[in-house]
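K.L.:
Next up, final-v3.cif (mmCIF, C-alpha atoms; chains and numbers go by the auth columns).
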```
data_input
loop_
_atom_site.group_PDB
_atom_site.id
_atom_site.type_symbol
_atom_site.label_atom_id
_atom_site.label_comp_id
_atom_site.label_asym_id
_atom_site.label_seq_id
_atom_site.Cartn_x
_atom_site.Cartn_y
_atom_site.Cartn_z
_atom_site.B_iso_or_equiv
_atom_site.auth_seq_id
_atom_site.auth_asym_id
ATOM 1 C CA MET A 1 -7.633 39.656 -56.162 0.00 1 A
ATOM 2 C CA ALA A 2 -6.118 42.881 -54.851 0.00 2 A
ATOM 3 C CA GLU A 3 -3.248 42.671 -52.363 0.00 3 A
ATOM 4 C CA ILE A 4 -2.753 44.959 -49.377 0.00 4 A
ATOM 5 C CA TYR A 5 0.615 46.718 -49.266 0.00 5 A
ATOM 6 C CA PRO A 6 2.157 49.312 -46.948 0.00 6 A
ATOM 7 C CA SER A 7 1.809 52.894 -48.140 0.00 7 A
ATOM 8 C CA ASP A 8 4.091 54.147 -50.919 0.00 8 A
ATOM 9 C CA SER A 9 6.141 56.205 -48.484 0.00 9 A
ATOM 10 C CA GLU A 10 6.586 53.213 -46.164 0.00 10 A
ATOM 11 C CA LEU A 11 7.697 51.031 -49.053 0.00 11 A
ATOM 12 C CA LEU A 12 10.238 53.612 -50.210 0.00 12 A
ATOM 13 C CA ASP A 13 11.669 53.875 -46.680 0.00 13 A
ATOM 14 C CA LEU A 14 12.147 50.126 -46.173 0.00 14 A
ATOM 15 C CA LEU A 15 15.784 49.087 -45.751 0.00 15 A
ATOM 16 C CA SER A 16 15.534 45.346 -45.000 0.00 16 A
ATOM 17 C CA ASP A 17 13.128 42.593 -44.023 0.00 17 A
ATOM 18 C CA PRO A 18 13.513 41.770 -40.305 0.00 18 A
ATOM 19 C CA GLU A 19 12.499 38.114 -40.702 0.00 19 A
ATOM 20 C CA THR A 20 14.749 37.056 -43.586 0.00 20 A
ATOM 21 C CA GLY A 21 17.418 39.767 -43.579 0.00 21 A
ATOM 22 C CA VAL A 22 16.738 40.513 -47.255 0.00 22 A
ATOM 23 C CA GLU A 23 17.938 44.043 -48.027 0.00 23 A
ATOM 24 C CA TYR A 24 15.907 46.356 -50.221 0.00 24 A
ATOM 25 C CA VAL A 25 17.569 48.376 -52.972 0.00 25 A
ATOM 26 C CA PRO A 26 17.903 51.909 -51.526 0.00 26 A
ATOM 27 C CA THR A 27 15.674 54.448 -53.219 0.00 27 A
ATOM 28 C CA GLY A 28 17.495 56.414 -55.892 0.00 28 A
ATOM 29 C CA THR A 29 20.390 53.956 -56.298 0.00 29 A
ATOM 30 C CA ALA A 30 21.828 54.040 -59.830 0.00 30 A
ATOM 31 C CA PRO A 31 23.033 51.804 -61.191 0.00 31 A
ATOM 32 C CA TYR A 32 21.464 49.179 -58.910 0.00 32 A
ATOM 33 C CA TYR A 33 22.728 45.947 -60.507 0.00 33 A
ATOM 34 C CA LEU A 34 24.901 44.955 -57.534 0.00 34 A
ATOM 35 C CA GLN A 35 22.225 45.786 -54.969 0.00 35 A
ATOM 36 C CA PHE A 36 19.636 43.884 -57.006 0.00 36 A
ATOM 37 C CA ARG A 37 21.867 40.804 -57.146 0.00 37 A
ATOM 38 C CA LYS A 38 22.402 40.998 -53.385 0.00 38 A
ATOM 39 C CA LEU A 39 18.646 41.175 -52.957 0.00 39 A
ATOM 40 C CA LEU A 40 18.141 38.185 -55.239 0.00 40 A
ATOM 41 C CA SER A 41 20.897 36.194 -53.486 0.00 41 A
ATOM 42 C CA ARG A 42 19.280 36.714 -50.071 0.00 42 A
ATOM 43 C CA LEU A 43 15.851 35.802 -51.445 0.00 43 A
ATOM 44 C CA LEU A 44 17.243 32.557 -52.852 0.00 44 A
ATOM 45 C CA LEU A 45 18.935 31.717 -49.548 0.00 45 A
ATOM 46 C CA ALA A 46 15.719 32.428 -47.638 0.00 46 A
ATOM 47 C CA SER A 47 13.702 30.170 -49.957 0.00 47 A
ATOM 48 C CA LYS A 48 16.286 27.397 -50.430 0.00 48 A
ATOM 49 C CA ARG A 49 14.491 24.818 -48.254 0.00 49 A
ATOM 50 C CA ALA A 50 11.347 25.352 -50.322 0.00 50 A
ATOM 51 C CA ASN A 51 13.196 23.583 -53.141 0.00 51 A
ATOM 52 C CA ASP A 52 13.340 20.270 -51.213 0.00 52 A
ATOM 53 C CA PHE A 53 11.461 17.493 -53.068 0.00 53 A
ATOM 54 C CA ARG A 54 10.247 19.942 -55.716 0.00 54 A
ATOM 55 C CA LEU A 55 9.021 18.089 -58.786 0.00 55 A
ATOM 56 C CA TYR A 56 9.884 19.675 -62.137 0.00 56 A
ATOM 57 C CA ALA A 57 9.195 18.789 -65.771 0.00 57 A
ATOM 58 C CA GLU A 58 12.107 17.763 -68.012 0.00 58 A
ATOM 59 C CA GLY A 59 10.261 17.579 -71.316 0.00 59 A
ATOM 60 C CA GLY A 60 7.824 15.004 -72.636 0.00 60 A
ATOM 61 C CA LEU A 61 6.752 12.665 -69.861 0.00 61 A
ATOM 62 C CA ASN A 62 10.064 12.936 -68.011 0.00 62 A
ATOM 63 C CA PHE A 63 10.317 14.648 -64.659 0.00 63 A
ATOM 64 C CA GLY A 64 12.837 15.139 -61.885 0.00 64 A
ATOM 65 C CA VAL A 65 12.583 15.507 -58.110 0.00 65 A
ATOM 66 C CA LYS A 66 14.964 17.764 -56.174 0.00 66 A
ATOM 67 C CA ALA A 67 16.979 16.433 -53.229 0.00 67 A
ATOM 68 C CA GLY A 68 15.890 16.823 -49.618 0.00 68 A
ATOM 69 C CA LYS A 69 15.766 15.289 -46.150 0.00 69 A
ATOM 70 C CA PHE A 70 12.771 14.057 -44.184 0.00 70 A
ATOM 71 C CA TRP A 71 11.873 11.918 -41.181 0.00 71 A
ATOM 72 C CA LEU A 72 9.564 8.905 -41.076 0.00 72 A
ATOM 73 C CA GLY A 73 9.119 8.200 -37.391 0.00 73 A
ATOM 74 C CA ASN A 74 12.696 7.934 -36.087 0.00 74 A
ATOM 75 C CA LEU A 75 14.131 7.085 -39.493 0.00 75 A
ATOM 76 C CA ARG A 76 15.959 9.954 -41.223 0.00 76 A
ATOM 77 C CA CYS A 77 15.816 9.740 -45.002 0.00 77 A
ATOM 78 C CA ASP A 78 18.309 11.644 -47.166 0.00 78 A
ATOM 79 C CA TYR A 79 16.860 11.731 -50.664 0.00 79 A
ATOM 80 C CA PRO A 80 19.604 12.526 -53.237 0.00 80 A
ATOM 81 C CA GLY A 81 17.224 13.734 -55.916 0.00 81 A
ATOM 82 C CA SER A 82 16.497 12.051 -59.226 0.00 82 A
ATOM 83 C CA SER A 83 15.871 12.748 -62.877 0.00 83 A
ATOM 84 C CA GLY A 84 14.534 10.805 -65.837 0.00 84 A
ATOM 85 C CA ASN A 85 11.450 9.573 -63.992 0.00 85 A
ATOM 86 C CA VAL A 86 8.659 8.866 -66.463 0.00 86 A
ATOM 87 C CA ALA A 87 5.016 9.776 -65.884 0.00 87 A
ATOM 88 C CA ARG A 88 2.175 7.694 -67.268 0.00 88 A
ATOM 89 C CA ASP A 89 0.469 9.273 -70.261 0.00 89 A
ATOM 90 C CA ASN A 90 -3.072 10.678 -70.458 0.00 90 A
ATOM 91 C CA ARG A 91 -3.891 10.528 -66.774 0.00 91 A
ATOM 92 C CA THR A 92 -3.491 12.195 -63.385 0.00 92 A
ATOM 93 C CA ASP A 93 -1.201 10.506 -60.865 0.00 93 A
ATOM 94 C CA PHE A 94 0.423 11.191 -57.511 0.00 94 A
ATOM 95 C CA VAL A 95 4.199 11.043 -57.026 0.00 95 A
ATOM 96 C CA TYR A 96 5.541 9.660 -53.738 0.00 96 A
ATOM 97 C CA ILE A 97 8.951 9.074 -52.187 0.00 97 A
ATOM 98 C CA SER A 98 9.269 6.103 -49.841 0.00 98 A
ATOM 99 C CA SER A 99 11.722 5.671 -46.982 0.00 99 A
ATOM 100 C CA ASP A 100 13.876 3.427 -49.207 0.00 100 A
ATOM 101 C CA LEU A 101 14.284 6.542 -51.453 0.00 101 A
ATOM 102 C CA THR A 102 12.262 5.114 -54.339 0.00 102 A
ATOM 103 C CA VAL A 103 9.961 7.252 -56.487 0.00 103 A
ATOM 104 C CA HIS A 104 6.440 5.794 -56.719 0.00 104 A
ATOM 105 C CA ILE A 105 3.811 6.850 -59.258 0.00 105 A
ATOM 106 C CA ASP A 106 0.227 5.874 -58.494 0.00 106 A
ATOM 107 C CA SER A 107 -3.308 7.126 -59.000 0.00 107 A
ATOM 108 C CA MET A 108 -4.081 6.432 -55.335 0.00 108 A
ATOM 109 C CA PRO A 109 -4.522 9.611 -53.247 0.00 109 A
ATOM 110 C CA TYR A 110 -2.255 10.052 -50.244 0.00 110 A
ATOM 111 C CA GLU A 111 -4.892 9.340 -47.599 0.00 111 A
ATOM 112 C CA TYR A 112 -5.248 5.761 -48.882 0.00 112 A
ATOM 113 C CA TRP A 113 -1.512 5.095 -48.780 0.00 113 A
ATOM 114 C CA THR A 114 -1.522 5.391 -44.995 0.00 114 A
ATOM 115 C CA SER A 115 -3.229 1.992 -44.747 0.00 115 A
ATOM 116 C CA LEU A 116 -0.738 0.242 -47.032 0.00 116 A
ATOM 117 C CA ALA A 117 2.547 -1.453 -46.223 0.00 117 A
ATOM 118 C CA VAL A 118 4.850 1.089 -47.844 0.00 118 A
ATOM 119 C CA GLU A 119 5.562 4.335 -45.988 0.00 119 A
ATOM 120 C CA VAL A 120 5.725 7.401 -48.203 0.00 120 A
ATOM 121 C CA VAL A 121 5.566 11.159 -48.451 0.00 121 A
ATOM 122 C CA CYS A 122 3.601 12.752 -51.278 0.00 122 A
ATOM 123 C CA VAL A 123 5.422 15.393 -53.323 0.00 123 A
ATOM 124 C CA ALA A 124 3.168 16.227 -56.279 0.00 124 A
ATOM 125 C CA GLU A 125 0.174 15.471 -58.423 0.00 125 A
ATOM 126 C CA ILE A 126 0.961 15.360 -62.125 0.00 126 A
ATOM 127 C CA THR A 127 -1.318 15.408 -65.164 0.00 127 A
ATOM 128 C CA SER A 128 -0.209 14.341 -68.635 0.00 128 A
ATOM 129 C CA LEU A 129 -1.761 14.506 -72.084 0.00 129 A
ATOM 130 C CA ASN A 130 -0.514 13.228 -75.425 0.00 130 A
ATOM 131 C CA GLY A 131 3.069 12.656 -74.320 0.00 131 A
ATOM 132 C CA GLU A 132 3.504 15.850 -72.307 0.00 132 A
ATOM 133 C CA ILE A 133 3.190 16.764 -68.638 0.00 133 A
ATOM 134 C CA THR A 134 0.545 19.480 -68.675 0.00 134 A
ATOM 135 C CA ASN A 135 0.135 20.289 -64.978 0.00 135 A
ATOM 136 C CA ILE A 136 2.026 19.884 -61.689 0.00 136 A
ATOM 137 C CA VAL A 137 0.310 20.438 -58.334 0.00 137 A
ATOM 138 C CA ASP A 138 2.616 20.802 -55.328 0.00 138 A
ATOM 139 C CA CYS A 139 1.560 18.305 -52.627 0.00 139 A
ATOM 140 C CA ARG A 140 4.441 18.762 -50.193 0.00 140 A
ATOM 141 C CA ASP A 141 3.089 19.255 -46.718 0.00 141 A
ATOM 142 C CA ALA A 142 3.972 19.134 -43.041 0.00 142 A
ATOM 143 C CA HIS A 143 4.002 15.319 -42.977 0.00 143 A
ATOM 144 C CA SER A 144 7.256 15.332 -44.954 0.00 144 A
ATOM 145 C CA MET A 145 9.148 17.104 -42.167 0.00 145 A
ATOM 146 C CA ALA A 146 8.927 15.761 -38.611 0.00 146 A
ATOM 147 C CA MET A 147 11.205 15.803 -35.606 0.00 147 A
ATOM 148 C CA PRO A 148 12.446 12.402 -34.396 0.00 148 A
ATOM 149 C CA THR A 149 11.106 11.292 -31.053 0.00 149 A
ATOM 150 C CA ILE A 150 12.235 8.811 -28.435 0.00 150 A
ATOM 151 C CA PRO A 151 9.737 5.942 -28.582 0.00 151 A
ATOM 152 C CA LYS A 152 7.625 5.793 -25.443 0.00 152 A
ATOM 153 C CA LYS A 153 7.414 2.281 -24.085 0.00 153 A
ATOM 154 C CA ARG A 154 3.789 1.624 -23.250 0.00 154 A
ATOM 155 C CA THR A 155 1.050 -0.990 -23.402 0.00 155 A
ATOM 156 C CA ILE A 156 -1.229 -0.687 -26.436 0.00 156 A
ATOM 157 C CA HIS A 157 -4.493 -2.661 -26.594 0.00 157 A
ATOM 158 C CA HIS A 158 -5.556 -3.277 -30.201 0.00 158 A
ATOM 159 C CA THR A 159 -9.183 -4.058 -31.014 0.00 159 A
ATOM 160 C CA GLU A 160 -8.763 -4.131 -34.796 0.00 160 A
ATOM 161 C CA TRP A 161 -6.174 -4.446 -37.570 0.00 161 A
ATOM 162 C CA VAL A 162 -3.565 -1.694 -37.499 0.00 162 A
ATOM 163 C CA GLN A 163 -0.238 -1.174 -39.264 0.00 163 A
ATOM 164 C CA LEU A 164 2.421 -0.944 -36.542 0.00 164 A
ATOM 165 C CA ASP A 165 4.806 2.003 -36.821 0.00 165 A
ATOM 166 C CA HIS A 166 8.410 2.892 -35.893 0.00 166 A
ATOM 167 C CA GLY A 167 7.179 4.749 -32.830 0.00 167 A
ATOM 168 C CA ASP A 168 5.562 1.566 -31.493 0.00 168 A
ATOM 169 C CA SER A 169 8.953 -0.121 -31.070 0.00 169 A
ATOM 170 C CA GLY A 170 9.643 -1.232 -27.509 0.00 170 A
ATOM 171 C CA SER A 171 5.970 -1.238 -26.524 0.00 171 A
ATOM 172 C CA LEU A 172 3.732 -4.137 -25.499 0.00 172 A
ATOM 173 C CA HIS A 173 0.892 -4.903 -27.922 0.00 173 A
ATOM 174 C CA THR A 174 -2.143 -6.940 -26.830 0.00 174 A
ATOM 175 C CA ASN A 175 -5.541 -7.975 -28.179 0.00 175 A
ATOM 176 C CA LYS A 176 -7.412 -6.890 -25.045 0.00 176 A
ATOM 177 C CA GLY A 177 -10.914 -5.773 -26.009 0.00 177 A
ATOM 178 C CA CYS A 178 -10.820 -7.449 -29.435 0.00 178 A
ATOM 179 C CA ALA A 179 -13.879 -9.642 -29.981 0.00 179 A
ATOM 180 C CA GLY A 180 -12.306 -11.900 -32.600 0.00 180 A
ATOM 181 C CA ASP A 181 -9.040 -12.828 -34.257 0.00 181 A
ATOM 182 C CA LEU A 182 -6.503 -10.001 -34.623 0.00 182 A
ATOM 183 C CA TYR A 183 -3.784 -9.454 -37.239 0.00 183 A
ATOM 184 C CA LEU A 184 -0.909 -7.051 -36.471 0.00 184 A
ATOM 185 C CA PRO A 185 1.536 -6.335 -39.338 0.00 185 A
ATOM 186 C CA LEU A 186 5.043 -5.208 -38.424 0.00 186 A
ATOM 187 C CA PRO A 187 6.492 -2.066 -40.104 0.00 187 A
ATOM 188 C CA LEU A 188 7.802 -2.542 -43.643 0.00 188 A
ATOM 189 C CA TYR A 189 10.692 -0.128 -43.069 0.00 189 A
ATOM 190 C CA ASP A 190 12.196 0.036 -39.613 0.00 190 A
ATOM 191 C CA LEU A 191 15.574 0.449 -37.949 0.00 191 A
ATOM 192 C CA ASP A 192 17.717 -2.604 -37.283 0.00 192 A
ATOM 193 C CA GLY A 193 17.241 -3.690 -33.696 0.00 193 A
ATOM 194 C CA SER A 194 13.681 -2.399 -33.393 0.00 194 A
ATOM 195 C CA TYR A 195 11.666 -4.764 -31.240 0.00 195 A
ATOM 196 C CA PHE A 196 8.028 -5.383 -30.345 0.00 196 A
ATOM 197 C CA HIS A 197 6.401 -7.318 -27.481 0.00 197 A
ATOM 198 C CA PHE A 198 3.081 -9.144 -27.940 0.00 198 A
ATOM 199 C CA PHE A 199 0.658 -10.645 -25.412 0.00 199 A
ATOM 200 C CA ASN A 200 -2.498 -12.688 -26.027 0.00 200 A
ATOM 201 C CA HIS A 201 -4.995 -11.298 -23.547 0.00 201 A
ATOM 202 C CA THR A 202 -8.196 -12.935 -24.811 0.00 202 A
ATOM 203 C CA GLY A 203 -7.407 -16.438 -26.040 0.00 203 A
ATOM 204 C CA ASN A 204 -8.574 -15.583 -29.567 0.00 204 A
ATOM 205 C CA GLU A 205 -6.065 -15.916 -32.388 0.00 205 A
ATOM 206 C CA LEU A 206 -3.382 -13.239 -32.355 0.00 206 A
ATOM 207 C CA HIS A 207 -1.379 -13.046 -35.590 0.00 207 A
ATOM 208 C CA VAL A 208 1.922 -11.151 -35.879 0.00 208 A
ATOM 209 C CA TYR A 209 3.455 -10.994 -39.331 0.00 209 A
ATOM 210 C CA PRO A 210 6.124 -9.137 -41.351 0.00 210 A
ATOM 211 C CA THR A 211 5.146 -6.919 -44.263 0.00 211 A
ATOM 212 C CA GLY A 212 6.991 -7.834 -47.450 0.00 212 A
ATOM 213 C CA ASN A 213 9.489 -10.001 -45.590 0.00 213 A
ATOM 214 C CA LYS A 214 10.025 -13.203 -43.568 0.00 214 A
ATOM 215 C CA MET A 215 10.150 -14.205 -39.921 0.00 215 A
ATOM 216 C CA PHE A 216 12.263 -16.767 -38.043 0.00 216 A
ATOM 217 C CA LEU A 217 10.822 -18.924 -35.257 0.00 217 A
ATOM 218 C CA ASP A 218 12.965 -21.659 -33.665 0.00 218 A
ATOM 219 C CA GLY A 219 15.358 -21.565 -36.633 0.00 219 A
ATOM 220 C CA THR A 220 12.607 -22.046 -39.221 0.00 220 A
ATOM 221 C CA VAL A 221 11.803 -19.268 -41.669 0.00 221 A
ATOM 222 C CA THR A 222 8.267 -18.405 -42.752 0.00 222 A
ATOM 223 C CA ALA A 223 7.132 -17.526 -46.256 0.00 223 A
ATOM 224 C CA ILE A 224 7.023 -13.850 -47.240 0.00 224 A
ATOM 225 C CA ASN A 225 4.211 -11.989 -45.428 0.00 225 A
ATOM 226 C CA LYS A 226 3.641 -14.989 -43.152 0.00 226 A
ATOM 227 C CA GLY A 227 4.294 -14.743 -39.439 0.00 227 A
ATOM 228 C CA ILE A 228 3.296 -16.441 -36.215 0.00 228 A
ATOM 229 C CA ARG A 229 0.074 -16.884 -34.268 0.00 229 A
ATOM 230 C CA SER A 230 -1.155 -17.757 -30.796 0.00 230 A
ATOM 231 C CA ASN A 231 -4.601 -18.905 -29.706 0.00 231 A
ATOM 232 C CA ALA A 232 -4.067 -19.243 -25.953 0.00 232 A
ATOM 233 C CA LYS A 233 -4.602 -16.612 -23.297 0.00 233 A
ATOM 234 C CA GLY A 234 -1.354 -15.655 -21.600 0.00 234 A
ATOM 235 C CA ASP A 235 0.937 -16.363 -24.555 0.00 235 A
ATOM 236 C CA GLY A 236 3.618 -13.764 -25.195 0.00 236 A
ATOM 237 C CA CYS A 237 6.594 -13.162 -27.492 0.00 237 A
ATOM 238 C CA THR A 238 9.179 -10.603 -28.570 0.00 238 A
ATOM 239 C CA VAL A 239 10.345 -10.024 -32.150 0.00 239 A
ATOM 240 C CA VAL A 240 13.331 -7.985 -33.330 0.00 240 A
ATOM 241 C CA LYS A 241 14.310 -6.536 -36.734 0.00 241 A
ATOM 242 C CA GLN A 242 17.535 -7.987 -38.176 0.00 242 A
ATOM 243 C CA GLU A 243 20.102 -6.356 -40.466 0.00 243 A
ATOM 244 C CA ASP A 244 18.833 -8.205 -43.547 0.00 244 A
ATOM 245 C CA GLY A 245 15.306 -6.902 -42.983 0.00 245 A
ATOM 246 C CA GLU A 246 13.900 -10.160 -41.658 0.00 246 A
ATOM 247 C CA TRP A 247 12.303 -10.486 -38.221 0.00 247 A
ATOM 248 C CA LEU A 248 13.525 -12.862 -35.521 0.00 248 A
ATOM 249 C CA VAL A 249 11.402 -14.191 -32.658 0.00 249 A
ATOM 250 C CA ILE A 250 13.826 -13.967 -29.740 0.00 250 A
ATOM 251 C CA ALA A 251 11.541 -14.788 -26.799 0.00 251 A
ATOM 252 C CA VAL A 252 8.472 -17.041 -26.593 0.00 252 A
ATOM 253 C CA HIS A 253 6.067 -17.807 -23.768 0.00 253 A
ATOM 254 C CA GLY A 254 3.328 -20.323 -24.472 0.00 254 A
ATOM 255 C CA ASN A 255 2.510 -21.884 -27.817 0.00 255 A
ATOM 256 C CA TRP A 256 3.275 -19.768 -30.864 0.00 256 A
ATOM 257 C CA VAL A 257 3.241 -21.486 -34.279 0.00 257 A
ATOM 258 C CA GLN A 258 3.996 -20.364 -37.821 0.00 258 A
ATOM 259 C CA ASP A 259 1.205 -19.208 -40.096 0.00 259 A
ATOM 260 C CA THR A 260 0.911 -21.134 -43.338 0.00 260 A
#
```
Please re-express this file's structure in structure tokens.

P.N.:
Amino acid sequence: MAEIYPSDSELLDLLSDPETGVEYVPTGTAPYYLQFRKLLSRLLLASKRANDFRLYAEGGLNFGVKAGKFWLGNLRCDYPGSSGNVARDNRTDFVYISSDLTVHIDSMPYEYWTSLAVEVVCVAEITSLNGEITNIVDCRDAHSMAMPTIPKKRTIHHTEWVQLDHGDSGSLHTNKGCAGDLYLPLPLYDLDGSYFHFFNHTGNELHVYPTGNKMFLDGTVTAINKGIRSNAKGDGCTVVKQEDGEWLVIAVHGNWVQDT
């Protein structure tokens, strides 16, 4: 496919790029080694952020991921980079980085991960054959870079299962409009001190449970992935994230009991 360039005379008259500050080598310069290296240095500086989370092959099935920073909700994640990760042979997989800075390799496309417990950003799709990585597709996108926001405290009426997120902290969550029982999983990764309010608006069962962790109610701890439930209209509670990752029920109105 042909590209469209300025005219030859315009190209020869260019001195620098106004957006990046990259300087062109002046026409007729000889030797131009120094000017060329200046040009290359500015190009590298201008493109440095494009190297964040870049996946690269290391030989065989090994691959590395460059360092970078990203936000998941209000949680800033500083990924230090890694090497020696091993792809699975004779298949196509996606490579993800989760907010606990772990590299995940899975055949599941990114759109399906949004409904799972773990929160991730997708960095690449890799294909391997006979012990070698044969193709790398860059999957970095706008979702990997987001500005933190101050959570807006609001009332959210849930009519179906939904994975609660960092941004929902401080809000009131109800089952108003839900025709049956409702299950609300708390975020897997969240900041210490995050808290959520719940209110049973219908009298149907309202279940609140941790994802991959435990919950304390009246000094008694639940099993992993088990939380609390209410089946009476008007019941309410508040849960808060502790330092060790477990959730503590700090306020109860009505009759909340542990799920078994």

K.L.:
Hey, what comes out of the PyMOL selection byres ((chain A and resi 20-34) around 12) on this file? Could you write it as an MDAnalysis selection string?

P.N.:
chainID A and resid 8:19 35:48

K.L.:
If you measure from atom CA of Asp89 of chain A to atom CA of Val65 of chain A, what distance in Å do you get, rounded to one decimal?

P.N.:
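Separation between atom CA of Asp89 of chain A and atom CA of Val65 of chain A: 18.3 Å.
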
K.L.:
Write out as a list of chain:residue names the residues lying within 9 Å of Cys139 of chain A, counting only C-alpha atoms and excluding same-chain residues fewer than 3 positions away.

P.N.:
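Neighbouring residues, sequence-local ones excluded: A:Phe94, A:Val95, A:Cys122, A:Val123, A:Ala124, A:Glu125.
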
K.L.:
Please, could you write that set of residues out with C-alpha atoms as a PDB file, keeping the file's coordinate frame?

P.N.:
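Written file, selection_5.pdb:
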```pdb
ATOM      1  CA  PHE A  94       0.423  11.191 -57.511  1.00  0.00           C
ATOM      2  CA  VAL A  95       4.199  11.043 -57.026  1.00  0.00           C
ATOM      3  CA  CYS A 122       3.601  12.752 -51.278  1.00  0.00           C
ATOM      4  CA  VAL A 123       5.422  15.393 -53.323  1.00  0.00           C
ATOM      5  CA  ALA A 124       3.168  16.227 -56.279  1.00  0.00           C
ATOM      6  CA  GLU A 125       0.174  15.471 -58.423  1.00  0.00           C
TER       7      GLU A 125
END
```

K.L.:
Using the chain letters and residue numbers of this document, give as a VMD selection string the residues selected by the PyMOL selection byres ((chain A and resi 227-244) around 7).

P.N.:
chain A and resid 192 to 210 215 222 225 to 226 245 to 259

K.L.:
Can you pull out the residues contacting Arg54 of chain A? Cut-off 9 Å, using all atoms listed in the file, and skip same-chain residues under 3 positions away; I want them as a ChimeraX atom specification.

P.N.:
/A:50-51,64-68,123-124,138,140

K.L.:
Please indicate the distance in Å from atom CA of Leu164 of chain A to atom CA of Leu182 of chain A, rounded to one decimal place.

P.N.:
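Between atom CA of Leu164 of chain A and atom CA of Leu182 of chain A the gap is 12.9 Å.
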